[in-house]
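> Hey, dropping run.txt in here, compact mmCIF, C-alpha atoms and all ligand atoms:
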```txt
# COMPACT_ATOMS: atom_id res chain seq x y z
CA MET T 1 131.29 159.12 57.75
CA GLY T 2 134.33 159.43 60.00
CA SER T 3 133.76 163.12 60.78
CA LYS T 4 133.45 162.48 64.51
CA ALA T 5 136.83 160.79 64.69
CA GLU T 6 138.39 163.72 62.84
CA HIS T 7 137.34 166.20 65.56
CA GLY T 8 140.18 164.86 67.73
CA PRO T 9 139.99 164.03 71.40
CA ILE T 10 138.17 166.21 73.90
CA ARG T 11 140.36 168.05 76.47
CA PRO T 12 139.22 167.38 80.03
CA ALA T 13 140.85 169.68 82.61
CA ARG T 14 142.62 166.63 84.06
CA ALA T 15 144.29 165.91 80.71
CA ASP T 16 145.44 169.53 80.45
CA ILE T 17 147.12 169.30 83.85
CA LEU T 18 148.88 166.06 82.87
CA LEU T 19 149.96 167.44 79.49
CA ALA T 20 151.43 170.50 81.17
CA SER T 21 153.38 168.31 83.58
CA VAL T 22 154.81 165.78 81.08
CA GLY T 23 155.56 168.28 78.31
CA GLU T 24 156.42 166.94 74.88
CA ARG T 25 156.17 163.32 76.04
CA GLY T 26 152.40 163.73 76.34
CA VAL T 27 150.11 162.14 73.73
CA LEU T 28 146.43 162.94 74.10
CA CYS T 29 144.08 160.48 72.44
CA ASP T 30 140.53 159.25 72.32
CA PHE T 31 140.09 155.95 74.18
CA TYR T 32 139.13 154.21 70.92
CA ASP T 33 141.87 155.52 68.61
CA GLU T 34 145.12 154.02 67.40
CA ASN T 35 147.32 155.64 70.07
CA ALA T 36 145.21 154.12 72.82
CA SER T 37 145.03 150.61 71.40
CA ASP T 38 147.91 149.18 73.50
CA ILE T 39 146.36 150.54 76.67
CA PHE T 40 142.89 149.41 75.55
CA ARG T 41 144.15 145.83 75.10
CA ASP T 42 146.01 145.94 78.40
CA LEU T 43 142.87 146.99 80.26
CA ALA T 44 141.11 143.70 79.53
CA ALA T 45 138.47 145.77 77.84
CA ASP T 46 136.72 142.65 76.53
CA ALA T 47 135.76 141.42 80.00
CA GLY T 48 132.14 140.38 80.51
CA GLY T 49 131.31 140.08 76.81
CA THR T 50 130.18 136.47 76.97
CA GLU T 51 127.72 137.08 79.83
CA GLU T 52 126.35 140.20 78.15
CA ALA T 53 126.02 138.44 74.80
CA HIS T 54 123.94 135.74 76.51
CA GLY T 55 121.76 138.48 78.03
CA PHE T 56 121.19 140.13 74.64
CA SER T 57 120.78 136.79 72.89
CA ALA T 58 117.94 135.81 75.24
CA LEU T 59 116.06 138.91 74.02
CA ILE T 60 116.52 138.20 70.30
CA ARG T 61 113.68 136.26 68.76
CA PRO T 62 115.03 133.16 66.99
CA GLU T 63 113.15 133.98 63.77
CA SER T 64 114.49 137.55 63.61
CA GLY T 65 117.50 136.72 61.44
CA ALA T 66 120.71 138.73 61.22
CA VAL T 67 121.65 141.07 64.08
CA LEU T 68 122.96 144.61 63.54
CA GLU T 69 125.48 145.55 66.22
CA LEU T 70 126.32 149.25 66.46
CA GLY T 71 129.61 150.50 67.90
CA ALA T 72 130.94 146.94 67.84
CA GLY T 73 134.42 147.97 69.02
CA THR T 74 136.91 145.13 69.08
CA GLY T 75 134.17 142.51 69.10
CA ARG T 76 133.65 142.05 72.84
CA LEU T 77 129.99 141.22 72.12
CA THR T 78 130.33 140.39 68.42
CA ILE T 79 132.46 137.27 68.91
CA PRO T 80 130.25 135.72 71.60
CA LEU T 81 127.10 136.58 69.59
CA LEU T 82 128.64 134.71 66.64
CA GLU T 83 129.55 131.83 68.96
CA LEU T 84 125.90 131.72 70.00
CA GLY T 85 125.02 131.12 66.34
CA TRP T 86 123.82 134.57 65.24
CA GLU T 87 124.68 136.22 61.95
CA VAL T 88 126.05 139.67 62.82
CA THR T 89 126.67 142.89 60.91
CA ALA T 90 129.13 144.84 63.06
CA LEU T 91 129.28 148.60 62.46
CA GLU T 92 132.07 150.67 64.01
CA LEU T 93 133.51 154.16 63.53
CA SER T 94 137.07 153.79 64.84
CA ALA T 95 139.66 152.45 62.40
CA ALA T 96 141.76 151.11 65.29
CA MET T 97 138.83 149.17 66.77
CA LEU T 98 137.89 147.85 63.32
CA ALA T 99 141.45 146.62 62.71
CA THR T 100 141.41 144.63 65.96
CA LEU T 101 137.94 143.24 65.23
CA ARG T 102 139.01 142.15 61.74
CA GLN T 103 142.11 140.47 63.17
CA ARG T 104 140.03 138.62 65.77
CA LEU T 105 137.71 137.40 63.02
CA ALA T 106 140.64 136.36 60.84
CA ASP T 107 141.87 134.23 63.78
CA ALA T 108 138.40 132.77 64.43
CA PRO T 109 137.01 129.55 62.90
CA ALA T 110 135.67 130.03 59.35
CA ASP T 111 132.13 129.23 60.51
CA LEU T 112 132.15 132.30 62.79
CA ARG T 113 133.99 134.57 60.37
CA ASP T 114 131.59 133.75 57.55
CA ARG T 115 128.59 134.87 59.60
CA CYS T 116 130.06 138.33 60.32
CA THR T 117 129.99 141.40 58.10
CA VAL T 118 132.18 144.25 59.33
CA VAL T 119 131.12 147.74 58.28
CA PRO T 120 133.02 150.98 58.90
CA GLY T 121 130.35 153.54 59.71
CA ASP T 122 128.85 156.16 61.97
CA MET T 123 125.90 154.85 63.97
CA THR T 124 124.27 158.28 63.86
CA ALA T 125 124.11 158.33 60.05
CA PHE T 126 124.36 155.07 58.15
CA ALA T 127 122.70 153.46 55.15
CA LEU T 128 123.40 149.77 54.64
CA GLY T 129 120.66 149.03 52.13
CA LYS T 130 119.22 146.15 54.16
CA ARG T 131 116.97 145.54 57.13
CA PHE T 132 117.45 143.51 60.30
CA GLY T 133 115.20 141.90 62.88
CA THR T 134 117.31 143.25 65.72
CA ALA T 135 119.76 146.09 66.36
CA VAL T 136 121.99 145.90 69.45
CA LEU T 137 123.88 148.62 71.30
CA SER T 138 126.20 147.60 74.14
CA PRO T 139 126.20 149.47 77.47
CA SER T 140 128.35 152.64 77.72
CA THR T 141 127.81 153.36 74.03
CA ILE T 142 124.65 155.46 73.64
CA ASP T 143 126.11 157.79 76.27
CA LEU T 144 129.03 158.56 73.93
CA LEU T 145 126.57 160.43 71.71
CA ASP T 146 125.57 164.07 72.14
CA ASP T 147 121.92 165.12 72.39
CA VAL T 148 122.12 166.37 68.80
CA ASP T 149 123.50 163.03 67.54
CA ARG T 150 121.06 160.59 69.17
CA PRO T 151 118.12 161.43 66.86
CA GLY T 152 120.33 160.38 63.94
CA LEU T 153 120.95 157.04 65.67
CA TYR T 154 117.22 156.47 66.20
CA SER T 155 116.25 157.35 62.63
CA SER T 156 119.10 155.29 61.13
CA VAL T 157 118.08 152.28 63.24
CA ARG T 158 114.41 152.75 62.29
CA GLU T 159 115.37 152.68 58.61
CA HIS T 160 117.22 149.38 59.14
CA LEU T 161 114.65 147.42 61.14
CA GLU T 162 112.06 145.13 59.65
CA PRO T 163 108.44 145.73 60.70
CA GLY T 164 108.17 144.73 64.37
CA GLY T 165 111.97 144.72 64.64
CA ARG T 166 113.65 145.41 67.97
CA PHE T 167 116.30 147.86 69.08
CA LEU T 168 118.07 146.56 72.21
CA VAL T 169 119.83 149.40 74.02
CA GLY T 170 122.23 148.50 76.83
CA MET T 171 122.69 151.13 79.54
CA ALA T 172 123.82 151.62 83.09
CA ASN T 173 120.90 151.25 85.48
CA PRO T 174 121.37 153.93 88.13
CA ASP T 175 118.74 152.28 90.36
CA ALA T 176 120.62 148.96 90.51
CA SER T 177 124.04 150.10 91.69
CA GLY T 178 122.48 151.13 95.01
CA ARG T 179 124.83 154.08 95.47
CA GLN T 180 125.21 157.60 94.25
CA GLU T 181 128.18 158.09 91.93
CA PRO T 182 130.66 160.59 93.45
CA LEU T 183 131.19 163.71 91.36
CA GLU T 184 134.92 162.99 91.16
CA ARG T 185 136.98 159.88 91.75
CA THR T 186 140.50 158.67 91.12
CA GLN T 187 141.35 155.01 91.13
CA GLU T 188 144.50 152.99 90.41
CA PHE T 189 144.30 149.57 88.83
CA THR T 190 146.51 146.96 87.17
CA GLY T 191 146.41 145.96 83.49
CA ARG T 192 146.96 142.45 82.12
CA SER T 193 150.67 143.23 81.68
CA GLY T 194 151.03 144.16 85.35
CA ARG T 195 151.37 147.83 84.42
CA ARG T 196 149.55 150.22 86.76
CA TYR T 197 147.07 152.81 85.48
CA VAL T 198 145.22 155.75 86.94
CA LEU T 199 141.59 156.41 86.10
CA HIS T 200 140.09 159.78 86.87
CA ALA T 201 136.37 160.41 86.38
CA LYS T 202 134.64 163.72 86.91
CA VAL T 203 130.96 164.49 86.54
CA TYR T 204 129.86 167.99 85.55
CA PRO T 205 126.21 167.98 86.64
CA SER T 206 125.18 171.23 84.96
CA GLU T 207 126.57 170.08 81.61
CA GLU T 208 125.39 166.46 82.17
CA ILE T 209 128.74 165.00 81.16
CA ARG T 210 131.27 162.66 82.72
CA ASP T 211 134.88 163.00 81.58
CA VAL T 212 137.10 159.96 82.04
CA THR T 213 140.90 160.13 81.78
CA ILE T 214 143.11 157.02 81.91
CA HIS T 215 146.90 157.08 81.88
CA PRO T 216 149.83 154.94 83.08
CA ALA T 217 150.69 155.48 86.74
CA ASP T 218 154.35 155.84 85.74
CA GLU T 219 154.53 159.47 84.63
CA SER T 220 158.13 159.09 83.40
CA LEU T 221 157.06 157.08 80.33
CA ASP T 222 157.87 158.39 76.86
CA PRO T 223 155.49 158.62 75.11
CA PHE T 224 153.08 159.22 77.97
CA VAL T 225 149.68 158.33 76.55
CA ILE T 226 146.64 160.03 78.07
CA CYS T 227 143.33 158.47 76.99
CA VAL T 228 140.19 160.54 77.28
CA ASN T 229 136.53 159.78 76.89
CA ARG T 230 133.39 161.84 77.42
CA PHE T 231 130.07 160.30 78.44
CA ARG T 232 126.72 162.04 78.66
CA VAL T 233 124.99 161.52 81.98
CA ILE T 234 121.67 160.15 80.78
CA THR T 235 119.15 157.88 82.41
CA PRO T 236 117.18 154.97 80.96
CA ASP T 237 114.02 157.06 81.49
CA GLN T 238 115.39 159.80 79.24
CA ILE T 239 116.46 157.35 76.51
CA ALA T 240 113.09 155.58 76.76
CA ARG T 241 111.33 158.93 76.21
CA GLU T 242 113.55 159.73 73.23
CA LEU T 243 112.91 156.30 71.72
CA GLU T 244 109.15 156.74 72.10
CA GLN T 245 109.37 160.15 70.40
CA ALA T 246 111.40 158.55 67.61
CA GLY T 247 108.69 155.99 66.81
CA PHE T 248 109.56 153.06 69.07
CA ASP T 249 107.53 151.42 71.83
CA VAL T 250 109.73 150.59 74.80
CA VAL T 251 108.24 147.24 75.73
CA ALA T 252 110.55 146.09 78.54
CA ARG T 253 113.58 146.87 80.68
CA THR T 254 115.60 143.77 81.42
CA PRO T 255 118.64 143.47 83.73
CA LEU T 256 121.75 142.57 81.76
CA PRO T 257 124.02 139.88 83.24
CA GLY T 258 127.71 140.75 83.20
CA VAL T 259 130.71 141.77 85.25
CA ARG T 260 129.22 145.11 86.23
CA ASN T 261 125.82 143.81 87.28
CA HIS T 262 124.14 147.20 87.21
CA GLU T 263 123.15 147.39 83.58
CA LEU T 264 119.89 146.90 81.77
CA VAL T 265 118.56 146.57 78.25
CA LEU T 266 115.80 148.83 76.98
CA GLU T 267 113.80 146.72 74.53
CA ALA T 268 112.36 149.07 71.91
CA GLN T 269 110.04 147.84 69.20
CA LEU T 270 109.17 149.71 66.03
CA SER T 271 105.71 151.09 66.59
CA GLY T 272 103.14 151.28 63.84
CA ARG T 273 102.78 155.01 64.58
CA PRO T 274 104.27 157.52 62.18
CA SER T 275 107.12 159.37 63.92
C1 LIG J 301 131.90 151.47 74.93
S1 LIG J 301 132.58 150.96 73.40
C2 LIG J 301 131.70 149.46 73.18
C3 LIG J 301 132.35 148.54 72.20
C4 LIG J 301 131.71 147.15 72.13
N1 LIG J 301 130.32 147.21 71.71
C5 LIG J 301 131.81 146.47 73.48
O1 LIG J 301 130.79 146.13 74.05
O2 LIG J 301 132.94 146.30 73.95
C6 LIG J 301 131.81 152.06 72.25
C7 LIG J 301 132.23 151.85 70.81
O3 LIG J 301 131.45 152.70 69.99
C8 LIG J 301 132.28 153.26 68.99
N2 LIG J 301 131.65 154.49 68.53
C9 LIG J 301 131.60 155.69 69.14
N3 LIG J 301 130.89 156.57 68.42
C10 LIG J 301 130.49 155.90 67.31
C11 LIG J 301 129.71 156.26 66.17
N4 LIG J 301 129.21 157.49 66.06
N5 LIG J 301 129.48 155.32 65.25
C12 LIG J 301 129.97 154.06 65.36
N6 LIG J 301 130.73 153.67 66.40
C13 LIG J 301 130.97 154.58 67.38
C14 LIG J 301 133.61 153.46 69.68
O4 LIG J 301 134.67 153.60 68.75
C15 LIG J 301 133.69 152.19 70.52
O5 LIG J 301 134.29 151.14 69.81
```
Can you present the structure in this file as structure tokens?


Amino acid sequence: MGSKAEHGPIRPARADILLASVGERGVLCDFYDENASDIFRDLAADAGGTEEAHGFSALIRPESGAVLELGAGTGRLTIPLLELGWEVTALELSAAMLATLRQRLADAPADLRDRCTVVPGDMTAFALGKRFGTAVLSPSTIDLLDDVDRPGLYSSVREHLEPGGRFLVGMANPDASGRQEPLERTQEFTGRSGRRYVLHAKVYPSEEIRDVTIHPADESLDPFVICVNRFRVITPDQIARELEQAGFDVVARTPLPGVRNHELVLEAQLSGRPS
């Protein structure tokens, strides 16, 4: 557990250029690590959680019991799922994200806090010693995993679902956005504090990855924190195929309400077939 975090951040070309220009003031970090946490909070990264939690909640059968949420982050979905009455086990790899989630729970009413179990862990290899009726993965999370890591996610989830249990996988729906994503884009935006940031995203089609770099617009800052994140460019069709190969039946694709409005949930049910 934790090995992924120890690999350190990836180095997109954009980050290299920035690091060369800011010299020793430059701090390169993964978007979910401790160095990025101030920026993460400033970016209103919990937007849309309530709407998405309602979307997921509508797909969870009332009798299915506790929900396993993978890559729970700072609780953007966890807190609203608890508010909707679910019992949630929230698994997360990043110590910084876990610290924020634990603080949010400590500040929450006891009734919510008591229904949440927080587990440090790697979603591609975990063993919790219990089964759940439902496992949930928020959008923009499965695409953080490499091709070689996703089978570990599927088999770990399979081992933690009750018979007939459901794996709800949130993903971008490329058909819903109605436009082709440009290969490269740069965009400035404002955080909660009023501070300006620059986001740069670049798709490498042959490698099927999208590198995202976020940094303050003010390049004189010290330290100058450069947050990086790498997403795999994968479609719902591809994930549906992988789930079927891993012993799930993909029974539905449902649009997910939320701020982005171009996301869906793949509803995968444990099949009776041996995988
Ligand atoms: C896009 S964020 C989503 C967080 C949260 N579910 C939400 O909706 O805001 C992805 C989360 O997955 C976590 N993560 C990435 N790889 C992971 C792994 N192998 N195991 C567990 N968590 C992981 C990241 O640290 C991050 O908190």

> Which is closest to T:Met123 among T:Asp107, T:Glu69, T:Glu162, T:Asp175, if we use only C-alpha atoms?

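Using only C-alpha atoms, T:Met123 sits closest to T:Glu69.
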
> Within 10 Å of (149.2, 153.0, 86.9) in the file's own coordinates, which protein, DNA or RNA residues have an atom, counting all atoms listed in the file? List them as a PyMOL selection string.

chain T and resi 187-191+194-199+214-219

> Identify which of the residues T:Glu34, T:Glu92, T:Asp42, T:Glu51 lies closest to T:Gly121, counting all atoms listed in the file when measuring atom-to-atom distances.

T:Glu92

> Need the shell around T:Glu263: protein/DNA/RNA residues with any atom at most 9 Å away, counting only C-alpha atoms. Skip same-chain ones fewer than 2 positions apart. Format as a list in words?

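So, after excluding close chain neighbours, the residues are Pro139, Gly170, Met171, Ala172, Asn173, Pro174, Ala176, Ser177, Thr254, Pro255, Leu256, Pro257, Gly258, Arg260, Asn261 and Val265 of chain T.
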
> From the set T:Ala127, T:Val251, T:Val225, T:Leu93, which residue has the shortest atom-to-atom contact distance to ligand LIG 301 (chain J), counting only C-alpha atoms and all ligand atoms?

T:Leu93

> Name the residues in contact with stretch 145-150 of chain T at a cut-off of 8 Å, using all atoms listed in the file, excluding same-chain residues fewer than 5 positions from it; report them as a list in words.

Thr124, Phe231 and Arg232 of chain T

> So that I can see what lies close to T:Gly85, please list as a count of residues only the residues with an atom at most 12 Å from it, counting all atoms listed in the file and leaving out residues fewer than 6 positions away in the same chain.

16

> Residues within 8 Å of ligand LIG 301 (chain J) should be enumerated using only C-alpha atoms and all ligand atoms and returned as a ChimeraX atom specification.

/T:4,32-33,45-46,49,69-78,91-94,97,120-125,137-141,144-145
